[in-house]
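Chemist: This one is run26.txt, compact mmCIF, N, CA and C atoms.
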# COMPACT_ATOMS: atom_id res chain seq x y z
N MET G 1 0.83 -1.20 0.00
CA MET G 1 0.00 0.00 0.00
C MET G 1 0.86 1.25 0.00
N GLY G 2 1.98 1.20 0.71
CA GLY G 2 2.87 2.36 0.80
C GLY G 2 3.51 2.71 -0.53
N GLN G 3 3.82 1.68 -1.33
CA GLN G 3 4.43 1.92 -2.64
C GLN G 3 3.45 2.59 -3.60
N ILE G 4 2.19 2.22 -3.52
CA ILE G 4 1.17 2.82 -4.39
C ILE G 4 1.03 4.30 -4.05
N GLN G 5 1.00 4.63 -2.76
CA GLN G 5 0.90 6.02 -2.35
C GLN G 5 2.13 6.81 -2.75
N GLN G 6 3.24 6.16 -2.83
CA GLN G 6 4.49 6.81 -3.21
C GLN G 6 4.48 7.18 -4.70
N PHE G 7 3.89 6.35 -5.53
CA PHE G 7 3.88 6.59 -6.98
C PHE G 7 2.62 7.30 -7.46
N LEU G 8 1.64 7.48 -6.60
CA LEU G 8 0.39 8.13 -6.98
C LEU G 8 0.60 9.55 -7.51
N PRO G 9 1.43 10.40 -6.89
CA PRO G 9 1.64 11.74 -7.45
C PRO G 9 2.23 11.71 -8.87
N PHE G 10 3.14 10.78 -9.14
CA PHE G 10 3.72 10.66 -10.47
C PHE G 10 2.68 10.21 -11.49
N LEU G 11 1.84 9.29 -11.07
CA LEU G 11 0.77 8.81 -11.94
C LEU G 11 -0.21 9.92 -12.25
N LEU G 12 -0.59 10.67 -11.24
CA LEU G 12 -1.50 11.80 -11.43
C LEU G 12 -0.87 12.86 -12.34
N MET G 13 0.41 13.12 -12.18
CA MET G 13 1.10 14.09 -13.00
C MET G 13 1.09 13.63 -14.47
N PHE G 14 1.32 12.36 -14.72
CA PHE G 14 1.30 11.83 -16.08
C PHE G 14 -0.09 11.96 -16.69
N VAL G 15 -1.13 11.65 -15.93
CA VAL G 15 -2.50 11.75 -16.44
C VAL G 15 -2.82 13.20 -16.80
N VAL G 16 -2.44 14.12 -15.95
CA VAL G 16 -2.68 15.55 -16.23
C VAL G 16 -1.90 15.98 -17.48
N LEU G 17 -0.65 15.58 -17.59
CA LEU G 17 0.14 15.91 -18.78
C LEU G 17 -0.49 15.34 -20.04
N TYR G 18 -0.98 14.12 -19.96
CA TYR G 18 -1.59 13.49 -21.12
C TYR G 18 -2.81 14.27 -21.60
N PHE G 19 -3.72 14.59 -20.68
CA PHE G 19 -4.96 15.25 -21.08
C PHE G 19 -4.81 16.72 -21.41
N PHE G 20 -3.80 17.40 -20.87
CA PHE G 20 -3.65 18.82 -21.15
C PHE G 20 -2.58 19.14 -22.18
N MET G 21 -1.69 18.19 -22.49
CA MET G 21 -0.62 18.49 -23.45
C MET G 21 -0.56 17.50 -24.59
N ILE G 22 -0.49 16.23 -24.32
CA ILE G 22 -0.27 15.23 -25.36
C ILE G 22 -1.53 15.04 -26.21
N ARG G 23 -2.66 14.84 -25.58
CA ARG G 23 -3.91 14.58 -26.31
C ARG G 23 -4.30 15.74 -27.23
N PRO G 24 -4.27 17.01 -26.78
CA PRO G 24 -4.60 18.11 -27.69
C PRO G 24 -3.64 18.20 -28.89
N GLN G 25 -2.37 17.89 -28.66
CA GLN G 25 -1.40 17.93 -29.75
C GLN G 25 -1.71 16.86 -30.78
N GLN G 26 -2.10 15.67 -30.33
CA GLN G 26 -2.46 14.60 -31.25
C GLN G 26 -3.71 14.97 -32.06
N LYS G 27 -4.67 15.60 -31.40
CA LYS G 27 -5.90 16.01 -32.06
C LYS G 27 -5.61 17.08 -33.11
N ARG G 28 -4.72 18.02 -32.78
CA ARG G 28 -4.35 19.08 -33.71
C ARG G 28 -3.64 18.49 -34.93
N ALA G 29 -2.74 17.56 -34.72
CA ALA G 29 -2.02 16.92 -35.83
C ALA G 29 -2.99 16.19 -36.75
N LYS G 30 -3.99 15.53 -36.17
CA LYS G 30 -4.99 14.82 -36.96
C LYS G 30 -5.80 15.81 -37.80
N ASN G 31 -6.19 16.93 -37.21
CA ASN G 31 -6.95 17.95 -37.94
C ASN G 31 -6.13 18.54 -39.08
N GLU G 32 -4.84 18.77 -38.87
CA GLU G 32 -3.98 19.31 -39.92
C GLU G 32 -3.83 18.32 -41.07
N LYS G 33 -3.71 17.03 -40.77
CA LYS G 33 -3.63 16.00 -41.82
C LYS G 33 -4.92 15.98 -42.64
N GLU G 34 -6.06 16.08 -41.97
CA GLU G 34 -7.35 16.11 -42.67
C GLU G 34 -7.42 17.34 -43.58
N PHE G 35 -6.98 18.50 -43.07
CA PHE G 35 -6.98 19.73 -43.85
C PHE G 35 -6.11 19.58 -45.09
N GLU G 36 -4.91 19.03 -44.93
CA GLU G 36 -4.00 18.83 -46.06
C GLU G 36 -4.60 17.91 -47.11
N SER G 37 -5.34 16.90 -46.68
CA SER G 37 -5.91 15.95 -47.64
C SER G 37 -7.12 16.53 -48.37
N THR G 38 -7.76 17.58 -47.83
CA THR G 38 -8.93 18.16 -48.48
C THR G 38 -8.59 19.33 -49.40
N LEU G 39 -7.31 19.68 -49.50
CA LEU G 39 -6.92 20.77 -50.39
C LEU G 39 -7.20 20.39 -51.84
N LYS G 40 -7.62 21.39 -52.63
CA LYS G 40 -7.88 21.13 -54.04
C LYS G 40 -7.40 22.32 -54.87
N VAL G 41 -7.25 22.10 -56.17
CA VAL G 41 -6.80 23.15 -57.08
C VAL G 41 -7.81 24.29 -57.05
N GLY G 42 -7.29 25.51 -56.96
CA GLY G 42 -8.14 26.70 -56.91
C GLY G 42 -8.37 27.25 -55.53
N ASP G 43 -8.02 26.50 -54.49
CA ASP G 43 -8.18 26.98 -53.11
C ASP G 43 -7.22 28.13 -52.85
N LYS G 44 -7.71 29.16 -52.18
CA LYS G 44 -6.86 30.26 -51.74
C LYS G 44 -6.29 29.88 -50.39
N ILE G 45 -4.96 30.06 -50.24
CA ILE G 45 -4.30 29.63 -49.01
C ILE G 45 -3.30 30.69 -48.54
N ILE G 46 -2.88 30.53 -47.29
CA ILE G 46 -1.78 31.31 -46.72
C ILE G 46 -0.83 30.31 -46.09
N THR G 47 0.46 30.45 -46.40
CA THR G 47 1.44 29.53 -45.82
C THR G 47 1.79 29.96 -44.41
N LYS G 48 2.48 29.10 -43.69
CA LYS G 48 2.89 29.42 -42.32
C LYS G 48 3.88 30.56 -42.29
N SER G 49 4.56 30.83 -43.42
CA SER G 49 5.49 31.95 -43.49
C SER G 49 4.81 33.23 -43.97
N GLY G 50 3.50 33.16 -44.25
CA GLY G 50 2.74 34.36 -44.59
C GLY G 50 2.57 34.63 -46.08
N ILE G 51 2.90 33.70 -46.94
CA ILE G 51 2.75 33.88 -48.38
C ILE G 51 1.31 33.56 -48.78
N HIS G 52 0.69 34.49 -49.50
CA HIS G 52 -0.68 34.31 -49.97
C HIS G 52 -0.63 33.76 -51.39
N GLY G 53 -1.54 32.86 -51.72
CA GLY G 53 -1.57 32.34 -53.07
C GLY G 53 -2.78 31.46 -53.31
N LYS G 54 -2.82 30.92 -54.53
CA LYS G 54 -3.89 30.02 -54.93
C LYS G 54 -3.24 28.74 -55.44
N ILE G 55 -3.80 27.60 -55.08
CA ILE G 55 -3.23 26.32 -55.47
C ILE G 55 -3.45 26.11 -56.97
N SER G 56 -2.35 25.81 -57.68
CA SER G 56 -2.46 25.54 -59.11
C SER G 56 -2.17 24.08 -59.45
N GLU G 57 -1.39 23.38 -58.61
CA GLU G 57 -1.11 21.96 -58.84
C GLU G 57 -0.97 21.26 -57.49
N LEU G 58 -1.36 19.99 -57.47
CA LEU G 58 -1.23 19.18 -56.26
C LEU G 58 -0.46 17.90 -56.57
N ALA G 59 0.40 17.49 -55.65
CA ALA G 59 1.07 16.20 -55.73
C ALA G 59 0.87 15.51 -54.39
N ASP G 60 1.52 14.37 -54.20
CA ASP G 60 1.33 13.62 -52.94
C ASP G 60 1.69 14.44 -51.72
N SER G 61 2.90 15.00 -51.69
CA SER G 61 3.34 15.74 -50.51
C SER G 61 3.66 17.19 -50.80
N THR G 62 3.55 17.61 -52.07
CA THR G 62 3.87 18.99 -52.42
C THR G 62 2.67 19.66 -53.07
N VAL G 63 2.78 20.96 -53.18
CA VAL G 63 1.73 21.77 -53.79
C VAL G 63 2.42 22.92 -54.52
N VAL G 64 1.89 23.29 -55.68
CA VAL G 64 2.40 24.46 -56.41
C VAL G 64 1.36 25.55 -56.23
N ILE G 65 1.82 26.69 -55.68
CA ILE G 65 0.90 27.80 -55.48
C ILE G 65 1.28 28.94 -56.41
N GLU G 66 0.25 29.64 -56.86
CA GLU G 66 0.43 30.77 -57.75
C GLU G 66 0.32 32.03 -56.91
N THR G 67 1.38 32.83 -56.93
CA THR G 67 1.39 34.09 -56.19
C THR G 67 1.51 35.23 -57.18
N MET G 68 1.51 36.44 -56.70
CA MET G 68 1.68 37.59 -57.59
C MET G 68 3.09 37.63 -58.17
N ALA G 69 4.04 36.98 -57.52
CA ALA G 69 5.42 36.96 -58.00
C ALA G 69 5.71 35.78 -58.92
N GLY G 70 4.79 34.85 -59.03
CA GLY G 70 4.99 33.67 -59.87
C GLY G 70 4.51 32.42 -59.15
N LYS G 71 5.05 31.28 -59.60
CA LYS G 71 4.65 30.01 -59.01
C LYS G 71 5.73 29.51 -58.06
N LEU G 72 5.28 28.92 -56.94
CA LEU G 72 6.18 28.37 -55.93
C LEU G 72 5.76 26.94 -55.61
N LYS G 73 6.77 26.07 -55.48
CA LYS G 73 6.50 24.68 -55.08
C LYS G 73 6.83 24.55 -53.61
N MET G 74 5.88 24.05 -52.83
CA MET G 74 6.06 23.94 -51.38
C MET G 74 5.53 22.60 -50.89
N GLU G 75 5.89 22.26 -49.66
CA GLU G 75 5.34 21.09 -48.99
C GLU G 75 3.92 21.41 -48.54
N ARG G 76 3.06 20.41 -48.58
CA ARG G 76 1.68 20.62 -48.11
C ARG G 76 1.65 21.04 -46.64
N SER G 77 2.58 20.53 -45.86
CA SER G 77 2.60 20.84 -44.43
C SER G 77 2.94 22.29 -44.15
N SER G 78 3.41 23.05 -45.15
CA SER G 78 3.74 24.45 -44.92
C SER G 78 2.53 25.37 -45.03
N ILE G 79 1.37 24.81 -45.35
CA ILE G 79 0.15 25.61 -45.47
C ILE G 79 -0.50 25.72 -44.10
N SER G 80 -0.82 26.93 -43.71
CA SER G 80 -1.42 27.18 -42.40
C SER G 80 -2.92 26.93 -42.44
N MET G 81 -3.37 26.00 -41.62
CA MET G 81 -4.78 25.66 -41.56
C MET G 81 -5.59 26.84 -41.01
N GLU G 82 -5.12 27.46 -39.93
CA GLU G 82 -5.87 28.55 -39.29
C GLU G 82 -5.94 29.78 -40.18
N LEU G 83 -4.79 30.20 -40.74
CA LEU G 83 -4.77 31.41 -41.57
C LEU G 83 -5.58 31.21 -42.85
N SER G 84 -5.49 30.04 -43.46
CA SER G 84 -6.25 29.77 -44.68
C SER G 84 -7.74 29.74 -44.40
N ALA G 85 -8.13 29.16 -43.28
CA ALA G 85 -9.55 29.13 -42.91
C ALA G 85 -10.07 30.53 -42.67
N ALA G 86 -9.28 31.37 -42.01
CA ALA G 86 -9.69 32.75 -41.77
C ALA G 86 -9.81 33.53 -43.09
N LEU G 87 -8.89 33.29 -44.02
CA LEU G 87 -8.94 33.95 -45.31
C LEU G 87 -10.19 33.55 -46.07
N ASN G 88 -10.50 32.28 -46.10
CA ASN G 88 -11.67 31.80 -46.85
C ASN G 88 -12.98 32.18 -46.15
N LYS G 89 -12.93 32.41 -44.84
CA LYS G 89 -14.13 32.81 -44.09
C LYS G 89 -14.50 34.26 -44.43
N LYS G 90 -13.47 35.11 -44.64
CA LYS G 90 -13.71 36.51 -44.98
C LYS G 90 -14.44 36.66 -46.31
N GLU G 91 -14.09 35.78 -47.26
CA GLU G 91 -14.64 35.92 -48.62
C GLU G 91 -15.96 35.23 -48.80
Have the structure of the file written as structure tokens, please.
Modeler:
Amino acid sequence: MGQIQQFLPFLLMFVVLYFFMIRPQQKRAKNEKEFESTLKVGDKIITKSGIHGKISELADSTVVIETMAGKLKMERSSISMELSAALNKKE
């Protein structure tokens, strides 16, 4: 019984860490993967570095976006889910 009481604070700390840090991060990663898979040609997006553009080509892990300066090839993961959603909500 004494050993259980000794490890109870560590167990409680792990449970709190899981529900307040690990679980939300896993949920966010899942949402970002879903967002990346729903991208289509013609979508207006904003990258995580702040570049605005429209998708002109899609590949498995990359995307070509058309900007005012020309076309750029980027990783799908570089597209910001929050900024793109806010941009499309305005219009």
Chemist: Extract the full set of strand (DSSP E) residues from chain G according to DSSP on the backbone, and format it as a ChimeraX atom specification.
Modeler: /G:44-46,52-58,62-67,70-75
Chemist: Give me, as CSV, the closest atom pair and its distance (Å, one decimal) for every residue of segment 6-53 of chain G within a cut-off of 7 Å of segment 70-90 of chain G, counting only C-alpha atoms, rows sorted by chain and rising number.
Modeler:
residue,atom,partner,partner_atom,distance
G:Glu32,CA,G:Met81,CA,6.6
G:Phe35,CA,G:Met81,CA,6.7
G:Glu36,CA,G:Arg76,CA,6.3
G:Ile45,CA,G:Ser84,CA,4.8
G:Ile46,CA,G:Ser84,CA,5.1
G:Thr47,CA,G:Ile79,CA,4.1
G:Lys48,CA,G:Ser80,CA,4.9
Chemist: Take the residues from that selection and put them in a file with N, CA and C atoms, as a PDB file, in the frame of the given file.
Modeler:
ATOM      1  N   GLU G  32      -4.840  18.770 -38.870  1.00  0.00           N
ATOM      2  CA  GLU G  32      -3.980  19.310 -39.920  1.00  0.00           C
ATOM      3  C   GLU G  32      -3.830  18.320 -41.070  1.00  0.00           C
ATOM      4  N   PHE G  35      -6.980  18.500 -43.070  1.00  0.00           N
ATOM      5  CA  PHE G  35      -6.980  19.730 -43.850  1.00  0.00           C
ATOM      6  C   PHE G  35      -6.110  19.580 -45.090  1.00  0.00           C
ATOM      7  N   GLU G  36      -4.910  19.030 -44.930  1.00  0.00           N
ATOM      8  CA  GLU G  36      -4.000  18.830 -46.060  1.00  0.00           C
ATOM      9  C   GLU G  36      -4.600  17.910 -47.110  1.00  0.00           C
ATOM     10  N   ILE G  45      -4.960  30.060 -50.240  1.00  0.00           N
ATOM     11  CA  ILE G  45      -4.300  29.630 -49.010  1.00  0.00           C
ATOM     12  C   ILE G  45      -3.300  30.690 -48.540  1.00  0.00           C
ATOM     13  N   ILE G  46      -2.880  30.530 -47.290  1.00  0.00           N
ATOM     14  CA  ILE G  46      -1.780  31.310 -46.720  1.00  0.00           C
ATOM     15  C   ILE G  46      -0.830  30.310 -46.090  1.00  0.00           C
ATOM     16  N   THR G  47       0.460  30.450 -46.400  1.00  0.00           N
ATOM     17  CA  THR G  47       1.440  29.530 -45.820  1.00  0.00           C
ATOM     18  C   THR G  47       1.790  29.960 -44.410  1.00  0.00           C
ATOM     19  N   LYS G  48       2.480  29.100 -43.690  1.00  0.00           N
ATOM     20  CA  LYS G  48       2.890  29.420 -42.320  1.00  0.00           C
ATOM     21  C   LYS G  48       3.880  30.560 -42.290  1.00  0.00           C
TER      22      LYS G  48
END
Chemist: Please, what distance in Å, to one decimal, runs between atom CA of Thr62 of chain G and atom CA of Met21 of chain G?
Modeler: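 Straight-line distance from atom CA of Thr62 of chain G to atom CA of Met21 of chain G works out to 29.3 Å.
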Chemist: What is the atom CA of Lys30 of chain G to atom CA of Ser61 of chain G distance in Å?
Modeler: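 So the two atoms, atom CA of Lys30 of chain G and atom CA of Ser61 of chain G, lie 15.9 Å apart.
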Chemist: Could you give me, as a PyMOL selection string, each residue of chain G that DSSP assigns to alpha helix (DSSP H) when run on this structure's backbone?
Modeler: chain G and resi 2-17+23-37+81-90
Chemist: In Å, rounded to a single decimal, give me how far atom CA of Arg23 of chain G is from atom CA of Leu11 of chain G.
Modeler: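 A separation of 16.2 Å between them.
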